[in-house]
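Structure first, commentary second.
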There are 4 protein chains.
Amino acid sequence: MKVGIIGSTGYAGQQLTALLINHKEVEIDFMMSNSQVGTDFSDIYGRFAPFLKGKRENVLIGSDEMLERIKSCQAVFLALPHGQSENYIRKFKDEMKLDDLVVIDLGSDFRYKNQELKPVYGLTEINRENIAKSNLIANPGCYPTAAALAIIPLLKEEGMIMDGFPIVIDAKSGMSGAGKNLNTGSLFCEVFGNSYPYKIGVHQHTDEIENSLNEFSLFEKNDNVVQFTPNIIPVNRGIIENIYIKPGKEVSEEALVDLYEAFYKDEVFVEVLRDNLPNIAKVANTNNCQIAVKYDQRTGMIVVVSAIDNLIKGAAGQAVQNFNVRFGFDEMTGLMYSPAHL
Amino acid sequence: MKVGIIGSTGYAGQQLTALLINHKEVEIDFMMSNSQVGTDFSDIYGRFAPFLKGKRENVLIGSDEMLERIKSCQAVFLALPHGQSENYIRKFKDEMKLDDLVVIDLGSDFRYKNQELKPVYGLTEINRENIAKSNLIANPGCYPTAAALAIIPLLKEEGMIMDGFPIVIDAKSGMSGAGKNLNTGSLFCEVFGNSYPYKIGVHQHTDEIENSLNEFSLFEKNDNVVQFTPNIIPVNRGIIENIYIKPGKEVSEEALVDLYEAFYKDEVFVEVLRDNLPNIAKVANTNNCQIAVKYDQRTGMIVVVSAIDNLIKGAAGQAVQNFNVRFGFDEMTGLMYSPAHL
Amino acid sequence: MKVGIIGSTGYAGQQLTALLINHKEVEIDFMMSNSQVGTDFSDIYGRFAPFLKGKRENVLIGSDEMLERIKSCQAVFLALPHGQSENYIRKFKDEMKLDDLVVIDLGSDFRYKNQELKPVYGLTEINRENIAKSNLIANPGCYPTAAALAIIPLLKEEGMIMDGFPIVIDAKSGMSGAGKNLNTGSLFCEVFGNSYPYKIGVHQHTDEIENSLNEFSLFEKNDNVVQFTPNIIPVNRGIIENIYIKPGKEVSEEALVDLYEAFYKDEVFVEVLRDNLPNIAKVANTNNCQIAVKYDQRTGMIVVVSAIDNLIKGAAGQAVQNFNVRFGFDEMTGLMYSPAHL
Amino acid sequence: MKVGIIGSTGYAGQQLTALLINHKEVEIDFMMSNSQVGTDFSDIYGRFAPFLKGKRENVLIGSDEMLERIKSCQAVFLALPHGQSENYIRKFKDEMKLDDLVVIDLGSDFRYKNQELKPVYGLTEINRENIAKSNLIANPGCYPTAAALAIIPLLKEEGMIMDGFPIVIDAKSGMSGAGKNLNTGSLFCEVFGNSYPYKIGVHQHTDEIENSLNEFSLFEKNDNVVQFTPNIIPVNRGIIENIYIKPGKEVSEEALVDLYEAFYKDEVFVEVLRDNLPNIAKVANTNNCQIAVKYDQRTGMIVVVSAIDNLIKGAAGQAVQNFNVRFGFDEMTGLMYSPAHL
């Protein structure tokens with residue numbers, strides 16, 4: 001099956017490329033990068049040379065050639081800076097009438113926005129049925145993926161989250177989440193030995209998290225309020241979030257763990273830990289999400305810990321997972337290589 | 001003034017040694033390490049060679065010799081693993097009757113424990129008057145220092161913290177906080193690229209934080225409840241904490257910042273940031289605490305961010321600061337060198 | 001095909017396990033670890049849970065059970081600390097007479113030692129024919145792999161290395177090369193921000209490098225002398241070596257690059273770079289070796305740069321490659337997944 | 001004494017500022033940065049706030065104001081990108097006739113260049129007498145400082161370096177050496193977990209090293225040839241160099257160490273190690289240079305290891321040391337604070 005990649009040279013894009021190379025059902029037809037037309041992808045990312053050097057698709061194309069090539073593709077992935085995919089997708093759908101083209105957008109342009117194009121929110125484990133039928137999949141953001149997978153099980157039972165208590169999410173992310181843009185704050189010397197919160201209460205993912213919680217709540221109540229703080233930590237990849245929730249009724253840690261285990265019992269990419277806590281090293285380079293749920297009897301608070309790889313489950317991996325769901329492939333296709341501990 | 005150091009070879013101990021070498025009023029009389037008697041301190045920590053090589057105090061002594069030498073010291077610092085200072089201090093005070101010896105304990109043995117020996121809690125900015133009169137100063141823990149300095153201003157005004165809402169503290173610490181013990185989890189390869197929470201709700205500093213908040217509250221109410229999560233981040237030194245508080249009355253960000261600025265207006269080591277947020281790089285290698293306070297109107301939550309160097313303001317630096325207070329030296333003595341940004 | 005792993009819990013061992021899980025021709029029959037009998041491997045290395053949890057081979061066995069199980073295996077990999085594999089292998093070969101068992105030893109016990117057991121040196125690209133016929137393969141060390149692949153092409157042409165000029169090898173390695181042993185020097189805080197040479201001129205790999213150069217030289221002269229300096233750099237995996245050689249005759253950079261390209265033209269795992277230099281990021285998580293050769297006309301010196309992943313091409317990956325050669329599988333089997341840049 | 005800083009906002013410049021704040025004989029009169037006129041220096045580098053906030057000199061000035069202010073300064077430091085200091089210095093000397101102004105240039109513009117202005121090479125330990133009398137001091141580069149201090153002792157005895165054998169210098173540097181420029185290669189994600197050589201044989205410091213060796217050789221022979229390879233390692237600061245030398249006569253390690261110890265016996269900032277090797281952690285944040293010399297009897301090669309902090313002894317610290325020499329202050333003034341191990 002021929003697929004195209006628009007925006008392959010960013011950190012999420014190159015991760016997507018790495019996964020699609022491993023995907024036995026996929027033939028990468030083109031990689032587009034307007035800023036580097038004609039460049040070999042494997043010259044930018046040397047690790048890809050053994051897989052791509054000398055192949056036609058290794059040469060980055062521009063949007064003109066893309067508009068030709070896409071006609072023979074069945075799916076296209078967009079891994080562009082936020083705000084840049086809307087125009088392409090409108091062109092494919094409104095102008096070129098590529099109704100059968102399956103579009104998977106890793107950006108935020110169609111997450112609870114531009115709803116007239118009928119995007120579905122690509123949180124695979126939660127929204128699988130709709131994903132399977134959609135030709136426009138808005139792949140979730142990295143922070144929202146870890147948060148939603150950690151909170152939604154509690155929204156399936158009434159009263160688990162007390163009204164009036166915001167859900168506090170304290171999230172730590174590796175620097176690849178900031179992309180390859182040239183900012184002084186992204187220089188090695190500025191991040192090495194450092195860590196800090198940013199955009200407290202105003203990060204764009206706050207809305208996305210609240211929207212996803214409201215969409216997938218089983219109850220009428222649609223007013224989940226989230227206090228979200230993203231933090232930078234000096235690693236290249238990985239997200240770990242501590243989530244603090246005041247339950248609206250009596251709970252026990254045992255019952256909570258049971259609830260999570262039951263909720264995710266058929267999911268290969270979500271692991272509920274019973275005896276220990278997630279960490280980034282356990283999920284980095286995988287499409288897995290690890291979740292632990294603790295109940296602090298003394299304070300009456302639930303603490304959920306959730307870890308993913310921001311570039312895989314938080315971006316490219318979930319995109320491939322959604323692609324698999326949409327086309328009826330085994331959901332694990334291309335995602336089940338076994339990475340080492342380090 | 002002659003001082004001794006018991007436990008100089010741990011990470012906090014060597015930091016203390018570095019500071020005391022710079023302290024113009026201090027003569028280090030001895031460094032004790034029972035496990036490395038006879039070893040040159042500068043052989044363990046090569047950076048100290050230009051300052052100590054060839055000097056008598058460079059040779060680590062054992063407890064027998066210490067018990068002799070301490071008689072001629074005016075102050076002693078203990079930087080021992082938790083639980084190991086009580087016996088020494090009881091010996092000095094109960095058995096040897098060294099009533100005039102000023103003891104500054106960097107361990108936890110006398111923090112809200114063993115109160116019959118009348119220790120005072122060494123949170124300098126908050127408890128200065130008592131520290132100035134005490135011969136047994138229980139130096140605060142690293143996490144509690146950053147937390148208490150960030151929360152106590154709110155406890156000076158009635159109703160600033162709503163009853164029934166635990167104060168959520170999500171704290172990130174560099175690995176030096178774990179000490180020099182040989183655990184697999186402390187190996188470079190296990191921490192590199194990793195981050196994780198630990199001891200959720202059960203870390204020993206939870207009690208210490210609650211006790212300090214209750215001790216220094218202006219109000220009768222002594223039931224501050226803290227939900228504390230420590231996290232490891234892959235840096236060597238530094239702590240940064242995000243603290244989530246539901247106010248019990250109407251507040252504004254502007255008024256909150258004013259309150260903090262007023263509270264700390266005479267403090268040289270606490271900086272209230274108005275336009276940006278603390279980060280570890282801004283406080284590492286200093287005795288400073290940086291605090292920012294934000295109010296999220298949408299959620300009605302206060303978020304306080306607090307950053308310190310865990311080995312300095314969170315341990316050795318505050319110990320020296322307390323020493324200065326106790327002996328009437330300028331509080332900045334030995335603590336005001338200017339470190340570079342990197 | 002059933003294979004066993006002896007010593008799976010070290011850093012090389014877990015990397016080997018990760019690779020063998022991906023290997024379509026392999027069934028891991030057992031993993032042995034005398035110090036952790038009965039423990040789940042996936043409890044030590046959480047990333048393996050989706051692949052191993054609940055499976056019989058996930059439970060680490062001891063040597064007694066191993067001696068039973070090995071009888072039904074066709075191959076066994078040993079990833080033990082140096083000096084510990086000899087006894088096992090003598091038992092298999094001398095005592096148990098498991099003549100058909102293919103033994104691949106990742107340790108140093110049979111590298112140019114214990115030659116009466118007829119081990120072959122498992123430098124795949126150079127010694128492929130002998131490896132294909134041997135039942136005892138001594139897998140090369142990490143530093144020697146990068147060095148030998150970088151130097152041997154020069155030994156195929158007479159006079160390329162001047163007599164009397166030692167070959168200077170300055171090699172940098174990530175910390176996983178030091179294994180999981182508990183040493184103060186391996187603690188995160190001791191390696192973070194640090195770098196240093198060690199064992200100058202006396203590292204055990206010096207001999208191995210010289211022996212391999214002598215074994216695979218085309219000429220009678222067997223007196224290659226190597227000045228070898230290993231250095232620690234603060235990364236988890238990867239080796240990069242700068243090699244300084246005085247040529248014994250006139251050369252040009254162009255001719256040298258041609259020579260290397262010709263030498264490795266059929267090799268999928270060795271890439272000769274023409275326009276840029278290797279770095280660790282380009283080979284980490286792969287079985288590739290990248291080599292660049294420069295000639296400095298001003299000084300008359302050749303500088304060869306060689307980079308590998310110490311745990312893969314320098315240990316577990318080359319072991320799997322040798323396994324493939326020995327059993328006639330495509331040499332790339334299990335080694336050709338595409339890792340992302342980060 | 002009033003001094004000015006031109007180019008204080010780069011990594012070397014802010015290090016210089018940190019040191020000069022600690023210098024008891026210095027009053028910083030101005031800091032100039034054409035690109036950030038009017039900005040508070042302490043807003044760029046938050047760690048400086050306790051020392052500079054609210055002070056006049058904290059506000060960065062442009063070149064017009066600088067040209068006024070410099071008239072009342074006795075010394076000026078230039079920490080500009082290479083090539084940018086020549087014009088300023090010509091203006092001071094040729095146009096403004098500020099003959100008495102002591103200029104210390106941290107850039108390369110006057111290192112063995114522009115000799116008509118009579119610059120002296122500011123390698124303090126080696127060239128102290130000339131520095132004391134000069135009003136234009138060309139502060140050495142970071143790599144050359146570590147190299148020259150390590151090699152020059154051998155140039156004081158005839159025949160210690162064999163003709164025809166280039167001196168091989170393999171040097172590793174932290175990223176601050178690359179400055180604060182915005183390049184993709186300097187991004188955190190590109191350096192994390194990575195290491196690589198660059199500019200093999202063509203780095204601009206090659207010439208500087210050779211020139212300094214020739215200048216300070218005791219012998220007529222002025223043809224020291226250096227094969228220099230710089231490497232990036234993922235730390236923020238520090239340089240460590242392994243230097244390989246073929247001696248021209250018989251030597252012993254003991255005699256070599258004696259030679260180095262004798263050579264540096266009166267130097268407070270150079271430490272010759274006898275029983276162990278330098279590492280970056282032992283010199284980072286100090287003005288020290290650590291040197292060890294080994295002799296490999298087997299190969300007949302001398303290996304010298306040299307470590308410095310690239311921003312201090314390799315830049316700002318040596319500049320202050322030269323300033324002290326020039327004005328007759330104790331050479332240690334402002335440079336002898338004791339930093340901790342981490």
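Each chain in the structure tokens gets a letter, A, B and so on, in the order shown; residues start at 1 in every chain, and ligands are counted from 1 in the order they appear.
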task = Find the residues around Tyr260 of chain D up to 9 Å (only C-alpha atoms counted), leave out those fewer than 2 positions away in its own chain, and share them as number ranges by chain.
result = D: 150, 153-154, 255-258, 262-265, 272, 291-293
Restrict the selected residues to N, CA, C and O atoms and save them as a PDB file, in the first residue's frame.
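Writing done, so here's again-v1.pdb:
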ATOM      1  N   ALA D 150      50.563  21.115  28.412  1.00  0.00           N
ATOM      2  CA  ALA D 150      50.927  19.702  28.504  1.00  0.00           C
ATOM      3  C   ALA D 150      52.185  19.348  27.738  1.00  0.00           C
ATOM      4  O   ALA D 150      52.856  18.365  28.055  1.00  0.00           O
ATOM      5  N   PRO D 153      56.640  21.522  28.679  1.00  0.00           N
ATOM      6  CA  PRO D 153      57.737  21.001  29.514  1.00  0.00           C
ATOM      7  C   PRO D 153      58.702  20.102  28.738  1.00  0.00           C
ATOM      8  O   PRO D 153      59.904  20.106  29.008  1.00  0.00           O
ATOM      9  N   LEU D 154      58.167  19.362  27.763  1.00  0.00           N
ATOM     10  CA  LEU D 154      59.040  18.481  26.979  1.00  0.00           C
ATOM     11  C   LEU D 154      59.943  19.271  26.034  1.00  0.00           C
ATOM     12  O   LEU D 154      60.961  18.756  25.565  1.00  0.00           O
ATOM     13  N   ALA D 255      61.079   9.728  35.347  1.00  0.00           N
ATOM     14  CA  ALA D 255      61.814  10.951  35.011  1.00  0.00           C
ATOM     15  C   ALA D 255      60.897  11.990  34.378  1.00  0.00           C
ATOM     16  O   ALA D 255      61.036  13.197  34.611  1.00  0.00           O
ATOM     17  N   LEU D 256      59.950  11.520  33.600  1.00  0.00           N
ATOM     18  CA  LEU D 256      59.028  12.455  32.961  1.00  0.00           C
ATOM     19  C   LEU D 256      58.170  13.165  33.995  1.00  0.00           C
ATOM     20  O   LEU D 256      57.968  14.378  33.941  1.00  0.00           O
ATOM     21  N   VAL D 257      57.633  12.383  34.940  1.00  0.00           N
ATOM     22  CA  VAL D 257      56.795  13.002  35.965  1.00  0.00           C
ATOM     23  C   VAL D 257      57.615  14.003  36.768  1.00  0.00           C
ATOM     24  O   VAL D 257      57.159  15.114  37.071  1.00  0.00           O
ATOM     25  N   ASP D 258      58.857  13.620  37.079  1.00  0.00           N
ATOM     26  CA  ASP D 258      59.734  14.558  37.796  1.00  0.00           C
ATOM     27  C   ASP D 258      59.919  15.852  37.003  1.00  0.00           C
ATOM     28  O   ASP D 258      59.843  16.947  37.564  1.00  0.00           O
ATOM     29  N   ALA D 262      58.782  19.426  38.388  1.00  0.00           N
ATOM     30  CA  ALA D 262      59.755  20.500  38.568  1.00  0.00           C
ATOM     31  C   ALA D 262      59.347  21.736  37.770  1.00  0.00           C
ATOM     32  O   ALA D 262      59.413  22.870  38.254  1.00  0.00           O
ATOM     33  N   PHE D 263      58.883  21.482  36.567  1.00  0.00           N
ATOM     34  CA  PHE D 263      58.517  22.600  35.694  1.00  0.00           C
ATOM     35  C   PHE D 263      57.402  23.438  36.300  1.00  0.00           C
ATOM     36  O   PHE D 263      57.397  24.661  36.186  1.00  0.00           O
ATOM     37  N   TYR D 264      56.443  22.767  36.923  1.00  0.00           N
ATOM     38  CA  TYR D 264      55.271  23.481  37.436  1.00  0.00           C
ATOM     39  C   TYR D 264      55.277  23.616  38.953  1.00  0.00           C
ATOM     40  O   TYR D 264      54.241  23.904  39.545  1.00  0.00           O
ATOM     41  N   LYS D 265      56.415  23.433  39.583  1.00  0.00           N
ATOM     42  CA  LYS D 265      56.421  23.355  41.049  1.00  0.00           C
ATOM     43  C   LYS D 265      55.943  24.650  41.726  1.00  0.00           C
ATOM     44  O   LYS D 265      55.405  24.617  42.818  1.00  0.00           O
ATOM     45  N   VAL D 272      50.295  18.571  38.620  1.00  0.00           N
ATOM     46  CA  VAL D 272      50.790  17.368  37.963  1.00  0.00           C
ATOM     47  C   VAL D 272      50.385  16.167  38.821  1.00  0.00           C
ATOM     48  O   VAL D 272      50.753  16.089  39.992  1.00  0.00           O
ATOM     49  N   ILE D 291      47.455  17.736  34.797  1.00  0.00           N
ATOM     50  CA  ILE D 291      48.262  17.038  33.798  1.00  0.00           C
ATOM     51  C   ILE D 291      48.799  15.739  34.383  1.00  0.00           C
ATOM     52  O   ILE D 291      49.242  15.701  35.534  1.00  0.00           O
ATOM     53  N   ALA D 292      48.721  14.679  33.590  1.00  0.00           N
ATOM     54  CA  ALA D 292      49.413  13.438  33.951  1.00  0.00           C
ATOM     55  C   ALA D 292      50.251  13.024  32.760  1.00  0.00           C
ATOM     56  O   ALA D 292      49.859  13.234  31.610  1.00  0.00           O
ATOM     57  N   VAL D 293      51.387  12.437  33.037  1.00  0.00           N
ATOM     58  CA  VAL D 293      52.237  11.977  31.933  1.00  0.00           C
ATOM     59  C   VAL D 293      52.560  10.506  32.155  1.00  0.00           C
ATOM     60  O   VAL D 293      52.942  10.090  33.241  1.00  0.00           O
TER      61      VAL D 293
END
Wanna dump the chain B-chain D contacts at 10 Å for me, each residue with its shortest atom pair and the distance in Å to one decimal, counting only C-alpha atoms, ordered by chain and number, as a tab-separated table?
residue	atom	partner	partner_atom	distance
B:Tyr11	CA	D:Leu342	CA	7.9
B:Ala12	CA	D:Ala340	CA	9.4
B:Gly13	CA	D:Ala340	CA	9.7
B:Gln14	CA	D:Ala340	CA	6.5
B:Gln15	CA	D:Ala340	CA	5.1
B:Leu16	CA	D:Ala340	CA	8.3
B:Thr17	CA	D:Ala340	CA	8.0
B:Ala18	CA	D:Ala340	CA	5.3
B:Leu19	CA	D:Ser338	CA	7.0
B:Leu20	CA	D:Ser338	CA	8.9
B:Ile21	CA	D:Ser338	CA	6.7
B:Asn22	CA	D:Tyr337	CA	6.1
B:His23	CA	D:Tyr337	CA	9.7
B:Asp43	CA	D:Asn276	CA	9.4
B:Ile44	CA	D:His341	CA	9.6
B:Tyr45	CA	D:His341	CA	6.2
B:Gly46	CA	D:Lys282	CA	5.2
B:Arg47	CA	D:Lys282	CA	4.5
B:Phe48	CA	D:Ser338	CA	7.2
B:Ala49	CA	D:Glu271	CA	8.7
B:Pro50	CA	D:Val268	CA	7.2
B:Phe51	CA	D:Ser338	CA	7.4
B:Ser176	CA	D:Leu342	CA	8.3
B:Phe192	CA	D:Gly193	CA	9.0
B:Gly193	CA	D:Gly193	CA	8.8
B:Asn236	CA	D:Leu342	CA	6.8
B:Arg237	CA	D:Leu342	CA	7.5
B:Val268	CA	D:Pro50	CA	7.2
B:Phe269	CA	D:Pro50	CA	7.9
B:Val270	CA	D:Pro50	CA	9.2
B:Glu271	CA	D:Pro50	CA	8.1
B:Asp275	CA	D:Asp43	CA	10.0
B:Asn276	CA	D:Asp43	CA	9.4
B:Pro278	CA	D:Gly46	CA	8.7
B:Asn279	CA	D:Gly46	CA	9.1
B:Ile280	CA	D:Arg47	CA	9.8
B:Ala281	CA	D:Arg47	CA	7.6
B:Lys282	CA	D:Arg47	CA	4.5
B:Val283	CA	D:Arg47	CA	6.1
B:Ala284	CA	D:Arg47	CA	8.2
B:Asn285	CA	D:Pro339	CA	8.5
B:Thr286	CA	D:Arg47	CA	8.1
B:Asn288	CA	D:Pro50	CA	8.5
B:Gln290	CA	D:Gly46	CA	9.8
B:Leu311	CA	D:Leu342	CA	9.5
B:Ile312	CA	D:Ala340	CA	10.0
B:Gly334	CA	D:Tyr337	CA	9.6
B:Met336	CA	D:Asn22	CA	8.5
B:Tyr337	CA	D:Asn22	CA	6.1
B:Ser338	CA	D:Ala18	CA	5.3
B:Pro339	CA	D:Ala18	CA	5.8
B:Ala340	CA	D:Gln15	CA	5.1
B:His341	CA	D:Tyr45	CA	6.2
B:Leu342	CA	D:Asn236	CA	6.8
task = Compare B:Ile243, B:Leu60, B:Val191, B:Ala315 by their minimum atom-to-atom distance to Thr39 of chain B, counting only C-alpha atoms, and give me the closest one.
result =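 Checking each candidate against Thr39 of chain B, we get B:Leu60 as the closest.
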inquiry  = I need the residues in segment 4-57 of chain D that are helix (DSSP H, G or I) according to DSSP; give them as a PyMOL selection string.
reply    = chain D and resi 11-21+34-36+41-44+46-52+56-57
Please produce an output containing C-alpha atoms for each residue in the selection, written as a compact mmCIF listing (two decimals), in the first residue's frame.
# COMPACT_ATOMS: atom_id res chain seq x y z
CA TYR D 11 29.21 31.81 27.21
CA ALA D 12 32.78 33.01 27.75
CA GLY D 13 31.59 36.54 28.40
CA GLN D 14 29.14 35.58 31.12
CA GLN D 15 31.82 33.41 32.73
CA LEU D 16 34.14 36.39 32.70
CA THR D 17 31.44 38.54 34.27
CA ALA D 18 30.93 35.96 37.02
CA LEU D 19 34.63 35.98 37.81
CA LEU D 20 35.01 39.75 37.74
CA ILE D 21 32.08 40.16 40.14
CA ASN D 34 25.45 45.64 20.36
CA SER D 35 22.68 43.14 19.73
CA GLN D 36 20.97 43.59 23.09
CA PHE D 41 22.20 41.25 31.71
CA SER D 42 20.53 39.50 34.65
CA ASP D 43 17.42 38.94 32.54
CA ILE D 44 19.51 36.90 30.12
CA GLY D 46 19.08 34.79 35.88
CA ARG D 47 21.76 33.51 38.20
CA PHE D 48 23.35 36.96 38.20
CA ALA D 49 20.31 38.75 39.60
CA PRO D 50 21.46 38.78 43.24
CA PHE D 51 24.70 40.41 42.18
CA LEU D 52 23.64 42.84 39.48
CA ARG D 56 23.85 50.59 36.34
CA GLU D 57 26.36 48.20 34.80
ask   = Which residue gives the smallest distance to Pro81 of chain A among A:Ser8, A:Thr206, A:Ser134, A:Thr299, with only C-alpha atoms counted?
value = A:Ser8
Do a neighbour search on Glu158 of chain B at 10 Å with only C-alpha atoms, toss out local chain neighbours closer than 4 positions, and write the hits as an mmCIF file with C-alpha atoms, in the first residue's frame.
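As a result, out_39.cif now contains:
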data_model
loop_
_atom_site.group_PDB
_atom_site.id
_atom_site.type_symbol
_atom_site.label_atom_id
_atom_site.label_comp_id
_atom_site.auth_asym_id
_atom_site.auth_seq_id
_atom_site.Cartn_x
_atom_site.Cartn_y
_atom_site.Cartn_z
ATOM 1 C CA LEU B 154 0.198 32.080 52.115
ATOM 2 C CA MET B 162 -8.968 26.076 51.381
ATOM 3 C CA SER B 217 1.310 29.187 60.285
ATOM 4 C CA LEU B 218 0.031 32.355 61.895
ATOM 5 C CA PHE B 219 -3.277 30.715 62.661
ATOM 6 C CA LYS B 221 -5.472 25.821 62.336
ATOM 7 C CA GLY B 248 -10.096 29.632 50.377
ATOM 8 C CA LYS B 249 -11.061 33.088 49.203
#
task = Could you check how far atom CA of Asp109 of chain D sits from atom CA of Leu78 of chain D, in Å to one decimal?
result = 10.7 Å
request  = Go ahead and compute the interatomic distance for atom CA of Asp105 of chain C and atom CA of Phe228 of chain C, in Å to one decimal.
outcome  =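 About the pair atom CA of Asp105 of chain C and atom CA of Phe228 of chain C: they are 23.7 Å apart.
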key: DSSP strand (DSSP E or B) selection over segment 62-99 of chain B, as a list in words   =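 In segment 62-99 of chain B, DSSP puts these residues in strand (DSSP E or B): Ala75, Val76, Phe77 and Leu78 of chain B.
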query = If we count only C-alpha atoms, what is near segment 118-124 of chain D at a cut-off of 9 Å, once residues fewer than 3 positions away on the same chain are taken out, given as number ranges by chain?
reply = D: 104, 110-115, 127-131, 134-140, 145, 148-149, 212, 318-319, 321-322, 325
Writing out the chosen residues with C-alpha atoms as an mmCIF file, in the first residue's frame:
data_model
loop_
_atom_site.group_PDB
_atom_site.id
_atom_site.type_symbol
_atom_site.label_atom_id
_atom_site.label_comp_id
_atom_site.auth_asym_id
_atom_site.auth_seq_id
_atom_site.Cartn_x
_atom_site.Cartn_y
_atom_site.Cartn_z
ATOM 1 C CA ILE D 104 42.728 41.536 26.990
ATOM 2 C CA PHE D 110 45.761 38.774 17.845
ATOM 3 C CA ARG D 111 47.025 35.271 18.474
ATOM 4 C CA TYR D 112 50.068 35.082 16.206
ATOM 5 C CA LYS D 113 48.306 37.542 13.931
ATOM 6 C CA ASN D 114 48.353 41.310 13.516
ATOM 7 C CA GLN D 115 51.774 41.320 15.085
ATOM 8 C CA ASN D 127 54.763 33.853 29.213
ATOM 9 C CA ARG D 128 54.260 35.694 32.496
ATOM 10 C CA GLU D 129 57.078 38.177 32.123
ATOM 11 C CA ASN D 130 55.916 39.505 28.801
ATOM 12 C CA ILE D 131 52.308 39.605 29.899
ATOM 13 C CA SER D 134 52.023 44.354 27.679
ATOM 14 C CA ASN D 135 48.952 46.449 26.989
ATOM 15 C CA LEU D 136 47.573 44.013 24.401
ATOM 16 C CA ILE D 137 47.212 40.480 25.622
ATOM 17 C CA ALA D 138 45.973 37.816 23.209
ATOM 18 C CA ASN D 139 44.322 35.310 25.507
ATOM 19 C CA PRO D 140 44.920 31.738 24.259
ATOM 20 C CA THR D 145 45.839 26.179 26.500
ATOM 21 C CA ALA D 148 50.552 23.889 25.303
ATOM 22 C CA LEU D 149 50.665 23.440 29.073
ATOM 23 C CA SER D 212 52.837 28.408 20.708
ATOM 24 C CA GLN D 318 43.102 32.828 32.203
ATOM 25 C CA ALA D 319 42.023 36.307 31.116
ATOM 26 C CA GLN D 321 44.866 35.594 35.615
ATOM 27 C CA ASN D 322 46.586 37.674 32.939
ATOM 28 C CA VAL D 325 49.713 39.525 36.318
#
query = Between atom CA of Arg298 of chain A and atom CA of Val225 of chain B, what is the spacing in Å?
reply = 8.8 Å
key: Given only C-alpha atoms as the counted atoms, nearest of D:Asn58, D:Asn181, D:Ser63, D:Asn194 to Ser33 of chain D   =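 Once distances to Ser33 of chain D are computed over only C-alpha atoms, the minimum belongs to D:Ser63.
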